[in-house]
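Listing of work.csv, CSV, C-alpha atoms
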```csv
chain,number,residue,atom,x,y,z
Q,1,MET,CA,-42.1,-28.4,-25.1
Q,2,PRO,CA,-43.3,-25.1,-23.8
Q,3,TYR,CA,-42.0,-25.7,-20.3
Q,4,ARG,CA,-38.4,-26.2,-21.4
Q,5,LEU,CA,-38.5,-23.2,-23.8
Q,6,GLY,CA,-39.8,-21.1,-20.9
Q,7,TRP,CA,-36.9,-22.2,-18.7
Q,8,MET,CA,-34.3,-21.5,-21.3
Q,9,GLY,CA,-36.0,-18.2,-22.2
Q,10,GLY,CA,-35.7,-17.2,-18.5
Q,11,VAL,CA,-32.0,-17.9,-18.4
Q,12,ALA,CA,-31.5,-16.0,-21.7
Q,13,PHE,CA,-33.5,-13.1,-20.3
Q,14,LEU,CA,-31.5,-13.0,-17.1
Q,15,PHE,CA,-28.2,-13.1,-19.1
Q,16,MET,CA,-29.3,-10.2,-21.3
Q,17,GLY,CA,-30.3,-8.2,-18.3
Q,18,TRP,CA,-26.8,-8.9,-16.8
Q,19,LEU,CA,-25.2,-7.8,-20.0
Q,20,VAL,CA,-27.1,-4.5,-20.0
Q,21,PHE,CA,-26.2,-3.9,-16.4
Q,22,ALA,CA,-22.6,-4.7,-16.8
Q,23,TYR,CA,-22.3,-2.5,-19.8
Q,24,SER,CA,-24.1,0.4,-18.2
Q,25,SER,CA,-22.2,0.3,-15.0
Q,26,GLU,CA,-18.9,0.2,-16.8
Q,27,HIS,CA,-20.0,3.0,-19.0
Q,28,LYS,CA,-21.1,5.1,-16.0
Q,29,GLN,CA,-17.6,4.8,-14.4
Q,30,GLY,CA,-16.0,6.0,-17.6
Q,31,ASP,CA,-18.1,9.1,-18.1
Q,32,GLY,CA,-17.5,11.1,-15.0
Q,33,LYS,CA,-18.8,9.3,-11.9
Q,34,ARG,CA,-15.3,8.3,-11.1
Q,35,ASP,CA,-12.6,10.8,-11.9
Q,36,VAL,CA,-9.8,8.3,-12.6
Q,37,ALA,CA,-9.7,4.5,-12.7
Q,38,PRO,CA,-9.7,2.8,-9.3
Q,39,VAL,CA,-6.6,0.9,-8.1
Q,40,GLU,CA,-7.4,-2.7,-8.9
Q,41,ASN,CA,-4.1,-4.5,-8.7
Q,42,ALA,CA,-3.5,-6.3,-5.4
Q,43,LEU,CA,0.3,-6.4,-5.8
Q,44,TYR,CA,0.4,-2.7,-6.5
Q,45,ARG,CA,-1.7,-1.9,-3.5
Q,46,ALA,CA,0.5,-4.1,-1.3
Q,47,GLU,CA,3.9,-3.1,-2.6
Q,48,CYS,CA,3.3,0.7,-3.0
Q,49,GLY,CA,0.4,1.2,-0.6
Q,50,SER,CA,2.4,0.1,2.5
Q,51,CYS,CA,4.2,3.4,2.8
Q,52,HIS,CA,1.8,5.8,1.0
Q,53,LEU,CA,-1.6,6.0,-0.7
Q,54,ALA,CA,-1.6,3.6,-3.6
Q,55,TYR,CA,-2.0,6.4,-6.1
Q,56,PRO,CA,-4.3,5.5,-8.9
Q,57,PRO,CA,-2.1,5.0,-12.0
Q,58,GLY,CA,-4.3,7.3,-14.1
Q,59,LEU,CA,-2.8,10.3,-12.3
Q,60,LEU,CA,0.5,10.1,-14.2
Q,61,PRO,CA,1.4,9.1,-17.8
Q,62,SER,CA,2.9,5.7,-18.4
Q,63,ARG,CA,6.3,7.2,-19.2
Q,64,SER,CA,6.4,8.8,-15.7
Q,65,TRP,CA,5.6,5.5,-14.0
Q,66,GLU,CA,8.4,3.8,-16.0
Q,67,LYS,CA,10.8,6.4,-14.8
Q,68,ILE,CA,9.7,6.0,-11.2
Q,69,LEU,CA,10.0,2.2,-11.3
Q,70,SER,CA,13.5,2.5,-12.8
Q,71,GLY,CA,14.7,4.5,-9.7
Q,72,LEU,CA,13.1,2.7,-6.8
Q,73,GLU,CA,16.4,2.5,-4.9
Q,74,GLU,CA,16.2,6.3,-4.5
Q,75,HIS,CA,12.5,6.8,-4.3
Q,76,PHE,CA,11.8,10.4,-3.0
Q,77,GLY,CA,14.6,9.9,-0.4
Q,78,GLU,CA,13.7,6.3,0.5
Q,79,ASN,CA,14.8,2.9,-0.6
Q,80,ALA,CA,11.9,1.1,-2.1
Q,81,GLU,CA,13.7,-1.5,-4.2
Q,82,LEU,CA,11.8,-4.5,-5.5
Q,83,SER,CA,12.9,-7.8,-6.8
Q,84,GLY,CA,13.0,-8.0,-10.6
Q,85,GLU,CA,9.9,-10.2,-10.8
Q,86,LEU,CA,7.7,-7.9,-8.8
Q,87,ARG,CA,9.0,-4.9,-10.7
Q,88,VAL,CA,8.1,-6.4,-14.1
Q,89,GLU,CA,4.6,-7.2,-13.0
Q,90,LEU,CA,4.1,-3.7,-11.5
Q,91,GLU,CA,5.6,-2.1,-14.6
Q,92,ASP,CA,3.1,-4.0,-16.8
Q,93,TYR,CA,0.2,-2.8,-14.7
Q,94,LEU,CA,1.3,0.8,-14.5
Q,95,ARG,CA,2.2,1.1,-18.1
Q,96,LYS,CA,-1.2,-0.1,-19.2
Q,97,HIS,CA,-3.1,2.1,-16.8
Q,98,GLY,CA,-1.2,5.4,-17.1
Q,99,ALA,CA,-3.1,8.7,-17.6
Q,100,ASP,CA,-2.3,8.7,-21.3
Q,101,GLN,CA,-3.9,5.2,-21.7
Q,102,SER,CA,-7.1,6.0,-19.8
Q,103,SER,CA,-10.6,6.9,-21.0
Q,104,TYR,CA,-11.3,8.7,-17.7
Q,105,ARG,CA,-11.9,12.4,-18.0
Q,106,ARG,CA,-9.4,13.6,-15.4
Q,107,SER,CA,-6.7,11.2,-16.5
Q,108,GLN,CA,-7.1,12.6,-20.0
Q,109,LYS,CA,-6.8,16.2,-18.7
Q,110,ILE,CA,-3.7,15.3,-16.7
Q,111,ALA,CA,-2.1,13.7,-19.7
Q,112,ALA,CA,-3.0,16.6,-22.0
Q,113,SER,CA,-1.4,19.1,-19.5
Q,114,ILE,CA,2.0,17.5,-19.8
Q,115,PRO,CA,4.3,18.4,-22.7
Q,116,ALA,CA,5.3,15.3,-24.7
Q,117,GLN,CA,9.0,15.4,-23.7
Q,118,GLN,CA,8.3,15.8,-20.0
Q,119,MET,CA,8.2,12.9,-17.5
Q,120,PRO,CA,7.0,14.4,-14.2
Q,121,LEU,CA,7.7,12.2,-11.2
Q,122,ARG,CA,5.3,14.0,-8.9
Q,123,ILE,CA,1.6,14.3,-9.6
Q,124,SER,CA,1.7,17.7,-8.0
Q,125,GLU,CA,4.2,18.9,-10.7
Q,126,THR,CA,1.7,18.5,-13.5
Q,127,ALA,CA,0.0,21.6,-14.9
Q,128,TYR,CA,-3.4,20.1,-14.4
Q,129,PHE,CA,-2.8,19.5,-10.7
Q,130,ARG,CA,-1.5,23.1,-10.3
Q,131,HIS,CA,-4.5,24.4,-12.1
Q,132,GLU,CA,-6.8,22.5,-9.6
Q,133,HIS,CA,-4.8,23.1,-6.4
Q,134,GLY,CA,-2.9,26.4,-7.0
Q,135,GLU,CA,0.8,26.6,-6.2
Q,136,HIS,CA,0.3,25.5,-2.6
Q,137,ARG,CA,2.6,22.6,-1.5
Q,138,LEU,CA,1.1,22.5,2.0
Q,139,VAL,CA,-2.5,22.4,3.1
Q,140,LYS,CA,-4.0,22.7,6.5
Q,141,ILE,CA,-6.2,19.9,7.9
Q,142,PRO,CA,-9.3,21.4,9.4
Q,143,GLY,CA,-9.6,20.8,13.1
Q,144,SER,CA,-6.1,20.0,14.1
Q,145,GLY,CA,-4.7,22.7,11.8
Q,146,GLU,CA,-1.8,20.5,11.0
Q,147,LYS,CA,-0.1,21.4,7.7
Q,148,ILE,CA,0.4,18.5,5.5
Q,149,SER,CA,2.0,18.0,2.0
Q,150,VAL,CA,-0.4,18.0,-1.0
Q,151,SER,CA,1.0,14.6,-1.8
Q,152,ARG,CA,-1.3,13.1,0.9
Q,153,CYS,CA,-4.4,13.1,-1.4
Q,154,GLU,CA,-6.4,10.8,0.9
Q,155,GLN,CA,-6.5,13.4,3.7
Q,156,CYS,CA,-8.9,15.6,1.7
Q,157,HIS,CA,-10.1,13.0,-0.9
Q,158,PRO,CA,-11.0,10.1,1.3
Q,159,ARG,CA,-11.9,7.9,-1.7
Q,160,ALA,CA,-8.8,8.7,-3.8
Q,161,GLU,CA,-7.7,5.1,-4.1
Q,162,GLN,CA,-11.2,4.2,-5.6
Q,163,GLY,CA,-10.7,7.0,-8.1
Q,164,PHE,CA,-13.0,9.6,-6.7
Q,165,PHE,CA,-11.7,13.2,-6.4
Q,166,ASP,CA,-15.1,14.9,-6.6
Q,167,GLU,CA,-15.0,18.4,-5.3
Q,168,HIS,CA,-18.4,18.1,-3.6
Q,169,LYS,CA,-16.9,15.5,-1.3
Q,170,LEU,CA,-13.9,17.6,-0.4
Q,171,ARG,CA,-13.1,17.7,3.2
Q,172,ILE,CA,-11.5,21.2,3.1
Q,173,SER,CA,-12.2,24.4,1.3
Q,174,SER,CA,-9.7,26.7,-0.3
Q,175,ARG,CA,-9.8,28.8,2.8
Q,176,ASN,CA,-7.7,26.2,4.5
Q,177,ARG,CA,-4.8,26.5,2.2
Z,1,MET,CA,-29.1,-23.0,19.3
Z,2,GLN,CA,-27.7,-19.6,19.1
Z,3,GLY,CA,-25.4,-20.2,22.0
Z,4,ARG,CA,-24.1,-23.3,20.2
Z,5,SER,CA,-23.3,-21.5,16.9
Z,6,CYS,CA,-21.7,-18.8,18.9
Z,7,PHE,CA,-19.5,-21.3,20.6
Z,8,PHE,CA,-18.6,-22.9,17.2
Z,9,SER,CA,-17.6,-19.6,15.6
Z,10,LEU,CA,-15.6,-18.7,18.7
Z,11,ALA,CA,-13.9,-22.1,18.5
Z,12,TRP,CA,-13.1,-21.5,14.8
Z,13,MET,CA,-11.6,-18.1,15.5
Z,14,LEU,CA,-9.5,-19.5,18.3
Z,15,LEU,CA,-8.3,-22.2,16.0
Z,16,PHE,CA,-7.5,-19.7,13.3
Z,17,ALA,CA,-5.5,-17.5,15.7
Z,18,LEU,CA,-3.6,-20.6,16.9
Z,19,PHE,CA,-2.9,-21.4,13.3
Z,20,LEU,CA,-1.5,-17.9,12.6
Z,21,VAL,CA,0.7,-18.0,15.8
Z,22,GLU,CA,2.0,-21.4,14.7
Z,23,ALA,CA,2.8,-20.1,11.2
Z,24,GLU,CA,4.6,-17.1,12.6
Z,25,ALA,CA,6.7,-19.3,14.9
Z,26,ALA,CA,7.5,-21.6,12.0
Z,27,VAL,CA,8.6,-18.7,9.7
Z,28,VAL,CA,10.7,-17.1,12.5
Z,29,GLU,CA,12.4,-20.4,13.2
Z,30,GLU,CA,13.1,-20.9,9.5
Z,31,LEU,CA,14.7,-17.5,9.2
Z,32,LEU,CA,16.7,-17.9,12.4
Z,33,ASN,CA,18.0,-21.3,11.1
Z,34,ARG,CA,18.9,-19.7,7.8
Z,35,TYR,CA,20.9,-16.9,9.7
Z,36,GLN,CA,22.6,-19.6,11.8
Z,37,GLU,CA,23.7,-21.4,8.6
Z,38,GLN,CA,25.2,-18.1,7.5
Z,39,GLY,CA,27.3,-18.1,10.6
Z,40,ALA,CA,25.3,-16.0,13.0
Z,41,GLY,CA,23.9,-16.7,16.5
Z,42,PRO,CA,23.1,-17.0,19.3
Z,43,PHE,CA,20.5,-14.3,19.0
Z,44,ASN,CA,19.8,-11.7,21.6
Z,45,ALA,CA,16.6,-9.6,22.0
Z,46,GLN,CA,18.4,-6.7,23.8
Z,47,ARG,CA,20.8,-6.2,20.9
Z,48,GLY,CA,17.7,-6.3,18.6
Z,49,GLU,CA,16.1,-3.6,20.7
Z,50,ARG,CA,19.2,-1.5,20.5
Z,51,LEU,CA,19.2,-1.8,16.7
Z,52,TYR,CA,15.5,-0.9,16.7
Z,53,ARG,CA,16.2,2.4,18.5
Z,54,GLN,CA,19.7,3.4,17.2
Z,55,PRO,CA,19.9,6.6,15.1
Z,56,GLY,CA,19.7,6.2,11.4
Z,57,THR,CA,22.8,6.7,9.4
Z,58,GLY,CA,21.6,6.1,5.9
Z,59,ASP,CA,20.0,8.4,3.4
Z,60,GLU,CA,16.6,8.2,5.0
Z,61,GLY,CA,18.2,9.2,8.3
Z,62,SER,CA,15.4,7.6,10.3
Z,63,ARG,CA,15.4,5.1,13.0
Z,64,CYS,CA,13.2,1.9,12.9
Z,65,ALA,CA,11.3,3.2,15.9
Z,66,GLU,CA,10.5,6.5,14.2
Z,67,CYS,CA,8.1,5.0,11.7
Z,68,HIS,CA,7.2,1.8,13.6
Z,69,ALA,CA,6.5,3.5,17.0
Z,70,GLU,CA,8.8,3.5,20.0
Z,71,ASP,CA,6.8,0.5,21.2
Z,72,PRO,CA,6.5,-2.0,18.3
Z,73,ARG,CA,3.2,-3.1,19.7
Z,74,LYS,CA,1.7,0.3,18.9
Z,75,VAL,CA,0.5,1.7,15.6
Z,76,GLY,CA,3.3,3.6,13.9
Z,77,LYS,CA,3.3,6.5,11.4
Z,78,HIS,CA,5.5,6.9,8.4
Z,79,VAL,CA,7.7,10.0,9.0
Z,80,ARG,CA,7.5,11.2,5.5
Z,81,THR,CA,4.0,10.3,4.2
Z,82,GLY,CA,2.2,10.2,7.5
Z,83,LYS,CA,0.6,6.9,6.6
Z,84,GLU,CA,-0.4,4.7,9.5
Z,85,ILE,CA,1.7,1.6,9.9
Z,86,ALA,CA,0.1,-1.4,11.6
Z,87,PRO,CA,2.0,-2.6,14.7
Z,88,LEU,CA,5.3,-4.5,13.8
Z,89,SER,CA,5.0,-6.8,16.8
Z,90,PRO,CA,3.5,-10.2,16.0
Z,91,GLN,CA,2.2,-10.4,19.5
Z,92,VAL,CA,-0.4,-7.8,18.8
Z,93,ASN,CA,-0.6,-8.1,15.0
Z,94,PRO,CA,-0.9,-11.7,13.9
Z,95,GLU,CA,-0.3,-10.8,10.3
Z,96,ARG,CA,3.3,-10.0,11.0
Z,97,LEU,CA,6.2,-12.4,10.3
Z,98,GLN,CA,4.0,-14.8,8.3
Z,99,ASP,CA,6.1,-14.8,5.1
Z,100,ALA,CA,9.9,-15.2,5.1
Z,101,ALA,CA,10.2,-13.5,1.7
Z,102,LYS,CA,8.3,-10.4,2.9
Z,103,VAL,CA,10.4,-10.2,6.0
Z,104,GLU,CA,13.6,-10.3,3.9
Z,105,LYS,CA,12.3,-7.7,1.5
Z,106,TRP,CA,11.6,-5.2,4.3
Z,107,PHE,CA,15.0,-5.9,5.9
Z,108,LEU,CA,16.7,-5.2,2.6
Z,109,ARG,CA,14.8,-2.0,2.0
Z,110,ASN,CA,14.8,-0.5,5.4
Z,111,CYS,CA,18.3,-1.5,6.5
Z,112,LYS,CA,19.7,0.1,3.3
Z,113,GLY,CA,17.5,3.2,4.0
Z,114,SER,CA,18.2,3.6,7.7
Z,115,LEU,CA,21.7,2.3,8.0
Z,116,GLY,CA,23.0,2.8,4.4
Z,117,ARG,CA,23.8,-0.9,4.1
Z,118,GLU,CA,22.3,-4.4,4.3
Z,119,CYS,CA,21.8,-5.8,7.8
Z,120,THR,CA,24.0,-8.8,8.8
Z,121,PRO,CA,22.4,-12.2,9.6
Z,122,GLN,CA,23.2,-11.5,13.2
Z,123,GLU,CA,21.4,-8.2,13.3
Z,124,LYS,CA,18.4,-9.7,11.6
Z,125,GLY,CA,18.2,-12.6,14.0
Z,126,ASP,CA,18.5,-10.3,17.0
Z,127,PHE,CA,15.8,-8.1,15.6
Z,128,LEU,CA,13.4,-11.0,15.1
Z,129,ARG,CA,14.2,-12.2,18.7
Z,130,TYR,CA,13.3,-8.7,20.0
Z,131,LEU,CA,10.1,-8.5,18.0
Z,132,THR,CA,8.9,-11.9,19.1
Z,133,THR,CA,9.7,-11.5,22.8
Z,134,ALA,CA,9.3,-7.7,23.6
Z,135,ARG,CA,6.5,-7.2,26.1
```
Please re-express this file's structure in structure tokens.
Amino acid sequence: MPYRLGWMGGVAFLFMGWLVFAYSSEHKQGDGKRDVAPVENALYRAECGSCHLAYPPGLLPSRSWEKILSGLEEHFGENAELSGELRVELEDYLRKHGADQSSYRRSQKIAASIPAQQMPLRISETAYFRHEHGEHRLVKIPGSGEKISVSRCEQCHPRAEQGFFDEHKLRISSRNR
Amino acid sequence: MQGRSCFFSLAWMLLFALFLVEAEAAVVEELLNRYQEQGAGPFNAQRGERLYRQPGTGDEGSRCAECHAEDPRKVGKHVRTGKEIAPLSPQVNPERLQDAAKVEKWFLRNCKGSLGRECTPQEKGDFLRYLTTAR
């Protein structure tokens, strides 16, 4: 039955093509196109992203995220408490996607820059962040000239939540610091 | 033909908007009933507005209106992070007050932050009255 074989062959061919595509696109993400893994958890985006950028979890090691979640009642001067259920789910997500668990280049660099006994609560405290941004804690936005905290990644890295921190797409230069 | 499909999509959008408004009304009613069962009521929009504008006394030290805009129908801005906050008023933002648990979660967080304590059922009811009627 040549007709039937041809049909099944076609399906098999398409499936193999899809496999190759899926593998290569995943691979591409891991080897430098993205700097860190994108935020892919809807609960995290909703719960944490209401007040600030939903920071990609690959920007801090898992132990830092655990410490942050254990002190949400006093979260950088704000009350951000969560019900036990939600917290458990977020803890699971953050623990699995911390910088020290990631295969992404920048996450690995961040993780490597933190001494094993340290649990920084701010991304801007890490040695790798300081190496990249200098000691500045405020940066000027071009145009308005408004000075903002370095914690507002998205102001200069518009695709931060998707994991892109590429310097070629930076909105400001070091002159603005 | 095109006019007809345009009419249908408009009709669907209208239906959806009506559905959201209905859902909001139901959620607010459910919450107000709950607060009444806890001994509160009747609720007053003016008292709600006063609460919205009163100076913060908690650790965060901020008033509701500081982050959520003086007019709750406008886009607000988080005082610390600068992140834009969609309007709080369900009259311009149909996504607001659609989920009782979400409303309670934010009352808990923000009352503790701004006032240093949880809000009473009376305060929460007044606040909802204000949000649903402020024009």
Could you name the residues that touch stretch 39-43 of chain Z at 6 Å or less, counting only C-alpha atoms, but leaving out those on the same chain fewer than 5 positions away, as a PyMOL selection string? chain Z and resi 121-122+125-126
Interface list for chain Q, partner chain Z, 7 Å threshold, only C-alpha atoms, as an NGL selection string: :Q and (51-52 or 77-81 or 152)
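A straight line drawn from atom CA of Q:Glu161 to atom CA of Q:Ala54 is 6.3 Å long.
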Could you please give me, as a VMD selection string, the residues of protein, DNA or RNA lying at most 10 Å from (-12.3, 8.4, -12.2) in the coordinate frame of the file, considering all atoms listed in the file? chain Q and resid 29 to 38 56 58 to 59 102 to 107 160 to 166
Within 12 Å of (15.0, -17.2, 9.2) in the file's own coordinates, which protein, DNA or RNA residues have an atom, counting all atoms listed in the file? List them as a ChimeraX atom specification. /Z:24-38,40-41,43,97-104,107,121-129
Report, in Å to a single decimal, how far apart atom CA of Q:Ile123 and atom CA of Q:Ile110 are.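 So the answer is 8.9 Å.
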Nearest to Q:His157: which of Q:Leu60, Q:Ala46, Q:Leu82, Q:Leu53 is it, counting all atoms listed in the file? Q:Leu53
